[in-house]
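S.K.: The structure's right below; bear with me while I get my questions together.
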Amino acid sequence: MLSERDNEATTRVGPGTLMGNLFRQYWVPAMLSSELPGPDSDQVRVKLLGEELIGFRDTDGRVGLIQNACPHRGASLFFARNEDCGLRCVYHGWKFDVTGQCTDMPSEPAESNFKARVKARAYPCVERGGVVWTYMGPREDPPPLPHIEANQLPEAECEVSATLRECNWLQALEGDIDTSHFGFLHYGATDPADATPGTFLYYSVNDRAPRYALVDTEYGSMYGAYRPAGPGELYWRIAQFLFPCYTHIPSGALGHQILTRAWVPMDDDHTMFVSMGARSGKPVPGGNGRVRTAAVPNGTGWTQRFRPPTNANNDYLIDRESQRRDSFTGIQGIPTQDQAVTESMGSVLDRTRERLGSSDVMVIRVRNRLLEAARALDESGLLPPGVDDPQVYATRSGSVVLPEGADWLDATDGLRRAYAEHPDLNLSLEAR
Amino acid sequence: MLSERDNEATTRVGPGTLMGNLFRQYWVPAMLSSELPGPDSDQVRVKLLGEELIGFRDTDGRVGLIQNACPHRGASLFFARNEDCGLRCVYHGWKFDVTGQCTDMPSEPAESNFKARVKARAYPCVERGGVVWTYMGPREDPPPLPHIEANQLPEAECEVSATLRECNWLQALEGDIDTSHFGFLHYGATDPADATPGTFLYYSVNDRAPRYALVDTEYGSMYGAYRPAGPGELYWRIAQFLFPCYTHIPSGALGHQILTRAWVPMDDDHTMFVSMGARSGKPVPGGNGRVRTAAVPNGTGWTQRFRPPTNANNDYLIDRESQRRDSFTGIQGIPTQDQAVTESMGSVLDRTRERLGSSDVMVIRVRNRLLEAARALDESGLLPPGVDDPQVYATRSGSVVLPEGADWLDATDGLRRAYAEHPDLNLSLEAR
Amino acid sequence: MLSERDNEATTRVGPGTLMGNLFRQYWVPAMLSSELPGPDSDQVRVKLLGEELIGFRDTDGRVGLIQNACPHRGASLFFARNEDCGLRCVYHGWKFDVTGQCTDMPSEPAESNFKARVKARAYPCVERGGVVWTYMGPREDPPPLPHIEANQLPEAECEVSATLRECNWLQALEGDIDTSHFGFLHYGATDPADATPGTFLYYSVNDRAPRYALVDTEYGSMYGAYRPAGPGELYWRIAQFLFPCYTHIPSGALGHQILTRAWVPMDDDHTMFVSMGARSGKPVPGGNGRVRTAAVPNGTGWTQRFRPPTNANNDYLIDRESQRRDSFTGIQGIPTQDQAVTESMGSVLDRTRERLGSSDVMVIRVRNRLLEAARALDESGLLPPGVDDPQVYATRSGSVVLPEGADWLDATDGLRRAYAEHPDLNLSLEAR
C-alpha cells in the first residue's frame with residue numbers, strides 16, 4: 001500500500017517528475033535495432049519517458065533519437081526526409097544530424113549562419129545486442145552502459161523481443177518480482193498429482209505459498225522464495241530487480257538462464273516490455289549471425305507499436321469454458337496471462353487500496369528502494385544504484401535446489417556469477 | 001431551469017454526491033437475472049452509481065456484486081474463476097464469496113489467517129421478477145424491496161427488458177413524465193382526421209396542449225393531464241414518478257396497465273433503462289414459466305451492454321425523406337425516438353438555459369422533490385420517500401375518460417389500487 | 001516565438017476569448033451553399049468559432065444558422081423537422097424561423113403566447129458566390145460583407161471548395177503566408193537544372209532563400225519575396241493576409257489570379273479551409289451557370305465534414321520509397337503536403353519553442369497584427385481592420401518579374417488593382 005503521493009511519485013516518468021529524473025540518470029532501451037533495418041531506412045515514432053521522439057538511422061548507420069517537432073516551426077520530423085546523414089524537415093528543408101545539430105538551412109540566406117545556433121533536442125544512442133540504448137539525462141558525458149549479460153552475448157546467440165503493455169511500467173514490472181503468482185496465474189490448473197516428481201513445477205504446485213528471503217544489493221534487490229523439495233532439500237526461486245526497470249526472473253535453472261527483461265516507460269500509461277535473452281534453439285543454418293528479433297512493429301503511432309492482437313479490447317480472447325474446465329484463466333499463453341492481469345488493474349494502479357501479504361515483500365521492497373533512490377537524487381543529488389557501476393548488473397537468476405540449512409547467498413554465489421565465465425563478454429572480472 | 005449547482009446536484013450519482021447518497025438509500029436494479037443464466041456462469045461487468053462492480057452467480061445460485069479490483073493487488077475480478085461458491089482471482093488465487101469475504105488465500109502461509117481480515121466491497125443482491133436488485137447503502141439491515149407490482153407478478157406473467165441510454169439518468173427519466181411530447185415526438189404526423197373517434201389517440205392528437213393537475217404522494221409525485229374527450233367528458237392521462245428513479249407512464253388503460261420503468265444510473269453519463277411489465281401475448285406453449293426477457297447483452301464492456309444498434313453514431317438511422325413525408329421524426333420506433341431526443345441533449349443536459357412552459361410542471365416538480373429529499377437526507381438524515389414504506393409503490397398508472405367535474409383523485413382511486421386484487425401478490429392490503 | 005499567453009490569445013476562438021471576439025466583428029464563411037441544396041433540404045451540423053449550430057434552408061430558400069439545443073428542453077435541432085419556413089423540434093413541436101424566433105408552440109395553451117417571448121440564438125446569413133456567410137457578433141446592424149473579388153464573380157465563373165484541416169486555424173493559415181516552404185515542401189525534389197529557364201519555377205528552385213519586403217495595409221499585411229530572375233530583373237512573389245483569416249497566395253500570375261482562401265475556425269482544433277476562386281477550365285456545356293463546388297461533405301458529425309480520405313490516421317499515405325527516390329515528401333498533392341505538415345504540429349502549435357528565421361517575417365508580422373488588433377478591440381473597442389471598409393479587400397496577389405531597382409509597391413499597384421476592371425463586380429472604384 002502506498003499513499004497517493006508515493007503512488008504518483010513511483011509511477012510518473014515525464015520530464016521533471018521524481019521518477020522521470022531517476023530514469024534519466026540511466027541508459028534505457030529505446031527501440032529495437034531491427035526497427036531501423038538499414039542506412040536511411042524509414043524513421044520511427046518513439047514515445048519514451050513521456051517525450052515524443054523520432055528514431056532514425058542515418059546514411060552512415062548511426063542511430064539518432066531527436067525531438068519530434070522541428071525546432072523551426074514545429075512540423076513533425078516523422079515526415080522528414082532521411083538523407084545524406086541527417087533528417088531534412090520537408091516543410092522548409094532544415095536538416096539535423098544525429099546529434100541534433102542543424103547542418104543545413106537552405107531557406108535562409110547562407111551568410112546568416114543561423115544554422116550554427118540551432119540545435120534540436122537529441123539523445124545519444126548506442127546499439128548493443130539488437131537494442132538501441134539512449135541516454136536522456138543531464139550529463140555531458142553519459143555513464144557507461146549497464147553490463148547486462150543477455151545484451152552482450154555474441155549476436156548470433158542473442159534473442160530480443162518487444163511488446164506493448166498498456167499500463168504503467170511499475171505494475172507491469174511488479175508482476176516479474178512476484179513469484180507467488182506463478183502457481184496460480186500460470187499453473188493454477190495443475191494438479192500436484194499430475195506434475196512429475198522432482199521437477200521444479202512439482203515443487204511449485206505442491207506448495208503455492210513459499211517463504212521468502214530478501215536482500216538489498218548494489219543493483220537493487222534480490223529475493224529467494226523457498227519451499228520443500230526432496231528430503232532435506234529446499235527448492236529456491238531466485239530473482240532480481242535491477243535499477244531502474246530491469247528484472248531477472250527465476251523461471252530457468254540458476255547458472256544457465258541468461259535473461260534480462262526491461263519494463264521501459266513510454267509514458268505513464270504505456271510500457272515497452274523488452275526481453276533480452278540467450279537465443280533458444282539452434283542457430284538457423286546459413287543464418288547471418290545477427291540478433292534474432294521476435295517482434296515486428298505493427299503500426300506507426302506513438303504508443304501502438306508492438307501491441308499484441310490479444311488485448312483488452314477482446315478480453316484477451318478469454319475462453320470461459322476452458323477456464324471452467326482445465327485452464328484456470330481461460331487465457332492462452334503466459335505472456336498474455338501476465339498482460340491481462342496487469343492491464344486489468346487500470347492505467348495506473350491505485351495502490352492506496354491494496355491489501356499486501358507476506359508474499360508481497362519483494363514488491364514492497366522494490367517500491368521503497370525506488371522511492372528512496374528518487375528522493376535521494378532529488379534532495380541531495382545522490383546518484384541511484386548502478387549508474388556508474390555497470391558491473392553490478394553482471395548477475396544471473398533462476399531456480400535451484402539447495403540443502404536445507406545452506407546459506408542461500410553463499411550457496412548460489414558461483415551460479416549467479418556464472419556470467420563471468422563466458423569467454424566473449426566485455427567484462428573484466430576484476431571490475432566486479 | 002436549474003442553477004448550475006442544482007443541475008449538478010440532481011444529476012451526479014457517484015459515491016459521496018448528494019444524489020448518489022440518496023440512491024444508496026434504496027434497493028436498485030443492478031442487472032437482469034438472465035445475464036447470469038446458471039450457477040458459476042460467466043461474470044459480468046456492472047457499472048452502477050459510478051462504481052465498477054463484477055456481478056456473478058455462485059455455485060449455489062446466489063448472486064454476488066463485488067468490487068472489480070481484487071483487494072490484494074487490484075487485478076480485475078472480471079477475469080476471476082467462478083468456482084465452488086466464490087470468485088477466485090487468477091493472479092494469486094485469492095477467493096471471495098458473495099458477501100465479499102475472502103474465503104481462501106492460498107498464496108499466503110495458512111497459519112497467518114490473513115484471509116479472515118480481508119473483505120471485498122460487496123453489495124447484497126436479491127432476485128425478483130427477472131431483476132437482480134442490490135442495496136449499496138450504509139445500513140447493516142437493508143430496507144425491504146419496493147412493492148412494485150410489475151416486479152412481483154408470477155414469473156410466467158412477467159416481461160423484463162434492459163436498454164442502454166447514453167446520457168444522464170435524469171434527462172432520460174424526464175421523458176417519461178412529460179406527456180406532452182407524446183403527440184409530437186411519437187404522433188406528430190398523425191392527422192386528427194385520421195384517428196378513430198373515441199380512441200385515446202383521437203383525443204391526444206385533437207388537443208396537443210393538455211392542462212395538468214399535479215399532486216405529491218408518499219412515493220413521489222403524480223400528474224393527470226386532461227383534455228376534452230366526448231361531450232361532458234375529459235380524457236385523463238395519469239402518470240407517476242416514484243423515488244428514486246421509477247416511472248409509471250400513462251400509455252395503457254388505467255387499471256389494466258401493469259408497468260414500471262426504472263432509469264438506473266450506471267454513471268453520470270450512462271443509464272440502464274429497465275422495463276418491468278406484465279407479459280404481453282400468450283404464454284409460450286411448453287414454456288418454462290419463467291420471466292420473459294426481451295434483452296440480450298451485446299458486449300462485456302462497462303457501459304456498452306444493451307447498447308441498441310440504432311444510436312448516435314448513425315444518427316438513429318434517421319430517414320429524412322420519411323421525415324419530410326409522413327413520419328414527423330424519420331426515426332423508427334417509439335423507444336428510438338425517445339432515445340434520440342434525450343441523448344441529443346448531450347451527456348448531461350445544461351438545465352441553466354431551458355425555457356420551461358406550463359407543460360413542464362411535472363418535470364419541475366420532480367426535480368424539486370429530488371433536490372429537497374437529497375438535501376433533507378444530507379442535512380438532517382431524513383430518509384427519502386418510500387425507503388421503509390415499500391407498500392407505497394403499489395399503484396397503477398394509465399389513461400381514462402372521466403366525467404367533467406369529477407375529482408380525478410377520488411374517481412381513479414380504485415383503478416390505481418387495482419394492484420391489490422391480484423391474488424398472488426405478496427402484499428397485504430392492510431399495510432397499504 | 002510567442003509567449004504562452006500570446007499563443008493562447010492568438011489561437012483560441014470560443015465565445016469570450018480575445019480572438020473569438022475579434023472574429024465576431026466580421027462576417028465569416030459558415031458553410032457552402034451546396035450543403036443546403038434546396039428549400040427544406042436536410043439540415044447540417046455546423047461547428048463555428050467553438051459554437052454548435054444547425055444550418056438549414058427554409059421553405060422560401062433563406063438560410064438559417066441556429067443554436068443546436070432547442071431552447072425549451074435542449075433536444076438537438078439536428079433532428080428537427082424542416083417545414084414551412086422553420087425548424088420544428090420533434091420533441092414538443094416548438095418551431096423556430098431563420099431569425100431564431102419561436103413561431104409555433106403547440107404544446108402550450110394558445111392563450112399563453114409564451115412563444116413570443118422565446119427566441120433561439122440565431123445568426124444572420126447571406127449567400128454569395130456559393131458561400132453561406134454569417135455574422136456572429138454583437139451589432140444589431142451587421143457590417144457589410146467584405147468585397148472579396150473571388151466571391152463576387154458571376155456564379156458561372158466561381159469555384160469554391162471546402163476541406164477540413166485538423167488543427168488550429170492559425171497554424172493552417174501560416175502555411176499560406178510563408179512562401180519559403182514552396183521550394184521545399186512542394187518542389188524540394190526539383191533540380192534547378194530540370195526547370196525550364198525563365199519560368200517562375202526556375203527562379204524559385206534556383207534560389208530557395210529569397211529576400212523579403214513587407215508592408216502593413218488597410219486589410220492586414222502584404223509581403224513581396226524577391227530573388228534574381230533574368231539579368232537586371234527580380235522575380236517577386238506577392239501575397240497578402242487579410243483580416244481576420246484570409247490569404248491571397250502568390251502562386252498565380254499577378255493581375256490574373258483571382259483567389260481568396262479562408263481559414264475558418266470551427267473550434268480551436270478544427271479549421272474549415274474554404275477556397276474561393278475564379279473557375280478553372282471551361283464552363284461545362286449545358287451547365288447551369290452556378291458556382292462550381294469541388295467539395296462533398298462526407299458525414300454529419302460536428303467536425304468531420306469535408307475530412308479528406310488522406311489524413312493523419314494513414315500518415316497521409318506517405319510513400320517512403322517515393323520520398324527517397326524522387327518526391328521529397330512521398331506525399332501526393334500540394335494540398336495534402338500542406339495538410340500533413342500543419343496537422344503534424346499538433347492541434348495547437350506550441351509557439352514558445354520556435355526558432356524563427358528571416359523567412360518568417362510575414363508570419364511574425366501577422367501574429368503581431370492579430371494580437372494588436374484583438375487587444376485594441378478588447379481594451380478600447382477599436383474596430384479591427386476592414387470591418388466597416390469592405391473595399392479594402394479588393395486586391396490581388398501573385399508572381400511577377402520586375403526590373404531591379406523598381407519600387408515593388410508602385411510597380412505592382414495596377415496589377416493588384418486589376419480587380420476594378422471586372423465589369424460585373426459590385427464594387428465602386430470610388431469607394432476604393
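Every chain in the C-alpha cells has a letter given in the order shown (A, B, ...), and although residue numbers restart at 1 in each chain, ligands are simply numbered from 1 in the order shown.
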Can you work out which residues from chain B touch chain A at a cut-off of 6 Å (counting only C-alpha atoms) and hand them back as a PyMOL selection string?

M.R.: chain B and resi 71-76+90-93+107-109

S.K.: If we count only C-alpha atoms, what is near Pro37 of chain C at a cut-off of 10 Å, once residues fewer than 5 positions away on the same chain are taken out, given as a VMD selection string?

M.R.: chain C and resid 32 42 56 to 57 61

S.K.: Looking only at strand (DSSP E or B) from DSSP on the backbone, list the matching residues of segment 123-190 of chain B as a JSON list (two decimals) with C-alpha atoms, in the first residue's frame.

M.R.:
```json
[["chain", "number", "residue", "atom", "x", "y", "z"],
["B", 123, "TYR", "CA", -23.43, -5.46, -2.08],
["B", 125, "CYS", "CA", -28.38, -8.93, -4.02],
["B", 126, "VAL", "CA", -31.93, -10.24, -4.28],
["B", 127, "GLU", "CA", -33.64, -11.54, -7.39],
["B", 128, "ARG", "CA", -37.27, -10.90, -8.11],
["B", 131, "VAL", "CA", -34.30, -8.49, -11.98],
["B", 132, "VAL", "CA", -31.24, -8.56, -9.72],
["B", 133, "TRP", "CA", -31.71, -5.93, -7.04],
["B", 134, "THR", "CA", -28.90, -4.57, -4.93],
["B", 135, "TYR", "CA", -28.52, -2.32, -1.94],
["B", 158, "CYS", "CA", -43.53, -11.10, -16.19],
["B", 159, "GLU", "CA", -41.65, -9.45, -19.00],
["B", 160, "VAL", "CA", -38.47, -7.53, -18.42],
["B", 161, "SER", "CA", -36.05, -5.74, -20.73],
["B", 162, "ALA", "CA", -32.97, -3.58, -20.47],
["B", 163, "THR", "CA", -31.57, -0.94, -22.81],
["B", 164, "LEU", "CA", -28.67, 1.43, -22.64],
["B", 165, "ARG", "CA", -29.43, 5.15, -22.75]]
```

S.K.: Which neighbours of Ala150 of chain C fall inside 10 Å, counting only C-alpha atoms, when residues of the same chain fewer than 5 positions from it are skipped, and could you give them as a compact mmCIF listing (two decimals) with N, CA and C atoms, in the first residue's frame?

M.R.:
```txt
# COMPACT_ATOMS: atom_id res chain seq x y z
N GLY C 129 -21.63 33.81 -53.97
CA GLY C 129 -20.57 33.04 -54.61
C GLY C 129 -20.46 31.62 -54.09
N GLU C 157 -18.62 31.80 -63.13
CA GLU C 157 -17.17 31.92 -63.14
C GLU C 157 -16.52 31.55 -61.81
N CYS C 158 -17.35 31.17 -60.84
CA CYS C 158 -16.85 30.89 -59.49
C CYS C 158 -16.55 29.40 -59.30
N GLU C 159 -15.56 29.16 -58.48
CA GLU C 159 -15.33 27.79 -58.00
C GLU C 159 -15.03 27.87 -56.51
N VAL C 160 -15.68 27.03 -55.77
CA VAL C 160 -15.48 27.06 -54.32
C VAL C 160 -15.29 25.64 -53.80
N GLN C 257 -4.49 36.19 -61.30
CA GLN C 257 -5.01 35.24 -60.31
C GLN C 257 -6.11 35.88 -59.46
N ILE C 258 -7.25 35.23 -59.42
CA ILE C 258 -8.38 35.67 -58.57
C ILE C 258 -8.69 34.54 -57.61
N LEU C 259 -8.20 34.67 -56.40
CA LEU C 259 -8.28 33.56 -55.46
C LEU C 259 -8.19 34.07 -54.03
N THR C 260 -9.16 33.70 -53.21
CA THR C 260 -9.09 34.01 -51.78
C THR C 260 -9.29 32.72 -51.01
N ARG C 261 -8.46 32.55 -50.01
CA ARG C 261 -8.55 31.36 -49.17
C ARG C 261 -8.91 31.80 -47.76
N SER C 275 -11.82 27.61 -50.11
CA SER C 275 -11.12 28.25 -51.23
C SER C 275 -12.15 28.82 -52.18
N MET C 276 -12.01 30.12 -52.47
CA MET C 276 -12.93 30.78 -53.40
C MET C 276 -12.10 31.31 -54.55
N GLY C 277 -12.42 30.87 -55.77
CA GLY C 277 -11.57 31.30 -56.87
C GLY C 277 -12.33 31.44 -58.16
N ALA C 278 -11.64 32.02 -59.15
CA ALA C 278 -12.19 32.04 -60.49
C ALA C 278 -12.16 30.61 -61.01
N ARG C 279 -13.18 30.27 -61.71
CA ARG C 279 -13.33 28.89 -62.15
C ARG C 279 -12.25 28.53 -63.15
N ALA C 394 -10.42 44.49 -51.87
CA ALA C 394 -10.32 44.46 -53.32
C ALA C 394 -8.87 44.52 -53.75
N ARG C 396 -5.39 41.94 -55.44
CA ARG C 396 -4.96 40.65 -55.98
C ARG C 396 -3.52 40.35 -55.59
N TYR C 419 -8.58 44.02 -60.12
CA TYR C 419 -9.90 43.81 -59.57
C TYR C 419 -10.94 44.73 -60.17
N LEU C 425 -18.38 43.33 -61.36
CA LEU C 425 -18.23 43.38 -59.91
C LEU C 425 -19.03 44.50 -59.28
```

S.K.: Using only C-alpha atoms, which residues sit within 8 Å of Pro265 of chain C once same-chain residues fewer than 2 positions away are excluded, as a VMD selection string?

M.R.: chain C and resid 13 48 to 50 168 to 169 263 267 to 272

S.K.: Just the alpha helix (DSSP H) stuff from segment 181-376 of chain B, please, per backbone DSSP, written as JSON, numbers by chain.

M.R.: {"B": [200, 201, 202, 203, 204, 205, 206, 320, 321, 322, 334, 335, 336, 337, 338, 339, 340, 341, 342, 343, 344, 361, 362, 363, 364, 365, 366, 367, 368, 369, 370, 371, 372, 373, 374, 375, 376]}

S.K.: For Gln332 of chain B, which of B:Thr352, B:Thr11, B:Asn311, B:Thr199 is the closest residue, counting only C-alpha atoms?

M.R.: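 Distance minimum relative to Gln332 of chain B lands on B:Asn311.
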
S.K.: Rounded to one decimal place, report the atom CA of Asn206 of chain C-atom CA of Pro192 of chain C distance in Å.

M.R.: 5.4 Å

S.K.: Quick one: everything within 12 Å of segment 19-22 of chain A, counting only C-alpha atoms, minus sequence neighbours fewer than 4 positions away in the same chain. Send it as a ChimeraX atom specification.

M.R.: /A:6-15,26-28,48-51,135-138,169-170,243-245,264-268,367,369-379,381-387

S.K.: Selection from above, C-alpha atoms, as a CSV table (one decimal), in the first residue's frame, can you write it?

M.R.:
```
chain,number,residue,atom,x,y,z
A,6,ASP,CA,4.0,8.0,-3.2
A,7,ASN,CA,2.0,6.2,-5.8
A,8,GLU,CA,2.3,9.3,-8.0
A,9,ALA,CA,6.0,9.6,-7.2
A,10,THR,CA,6.8,6.0,-8.2
A,11,THR,CA,4.7,5.8,-11.4
A,12,ARG,CA,5.1,9.2,-13.2
A,13,VAL,CA,8.0,9.5,-15.6
A,14,GLY,CA,7.6,12.7,-17.6
A,15,PRO,CA,10.3,15.4,-17.6
A,26,TYR,CA,20.5,5.7,-16.8
A,27,TRP,CA,20.8,4.5,-20.3
A,28,VAL,CA,17.4,3.0,-21.3
A,48,LEU,CA,9.9,7.5,-24.3
A,49,LEU,CA,9.6,8.7,-20.7
A,50,GLY,CA,6.7,10.8,-21.9
A,51,GLU,CA,8.6,12.5,-24.7
A,135,TYR,CA,20.7,8.4,-22.5
A,136,MET,CA,18.2,11.2,-21.9
A,137,GLY,CA,19.9,12.7,-18.8
A,138,PRO,CA,21.8,15.8,-17.9
A,169,TRP,CA,5.6,0.5,-16.1
A,170,LEU,CA,5.7,-0.3,-12.4
A,243,PHE,CA,17.6,-0.3,-11.2
A,244,PRO,CA,15.7,1.4,-12.8
A,245,CYS,CA,13.4,-1.1,-14.6
A,264,VAL,CA,10.6,0.7,-20.3
A,265,PRO,CA,8.1,3.6,-19.7
A,266,MET,CA,6.9,5.0,-23.0
A,267,ASP,CA,4.7,7.3,-20.9
A,268,ASP,CA,2.8,6.9,-17.7
A,367,ARG,CA,8.9,0.3,-4.3
A,369,ARG,CA,14.1,1.4,-3.0
A,370,LEU,CA,12.8,3.3,-5.9
A,371,LEU,CA,11.3,6.0,-3.7
A,372,GLU,CA,14.4,6.3,-1.6
A,373,ALA,CA,16.7,6.5,-4.6
A,374,ALA,CA,14.5,9.0,-6.4
A,375,ARG,CA,14.2,11.2,-3.3
A,376,ALA,CA,17.9,11.0,-2.5
A,377,LEU,CA,18.7,12.1,-6.1
A,378,ASP,CA,16.2,14.9,-5.8
A,379,GLU,CA,17.2,16.2,-2.4
A,381,GLY,CA,21.9,14.7,-5.9
A,382,LEU,CA,23.0,11.2,-4.8
A,383,LEU,CA,23.2,9.0,-7.9
A,384,PRO,CA,21.0,6.0,-7.8
A,385,PRO,CA,22.4,2.4,-7.8
A,386,GLY,CA,24.4,1.2,-10.7
A,387,VAL,CA,24.6,4.4,-12.8
```

S.K.: May I ask for the distance between atom CA of Gly252 of chain B and atom CA of Cys70 of chain C, given in Å to one decimal place?

M.R.: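 Calculated distance between atom CA of Gly252 of chain B and atom CA of Cys70 of chain C is 29.4 Å.
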
S.K.: Provide the atom CA of Val366 of chain B to atom CA of Phe241 of chain B distance in Å, to one decimal place.

M.R.: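 Taking atom CA of Val366 of chain B as the start and atom CA of Phe241 of chain B as the end point, the length is 7.3 Å.
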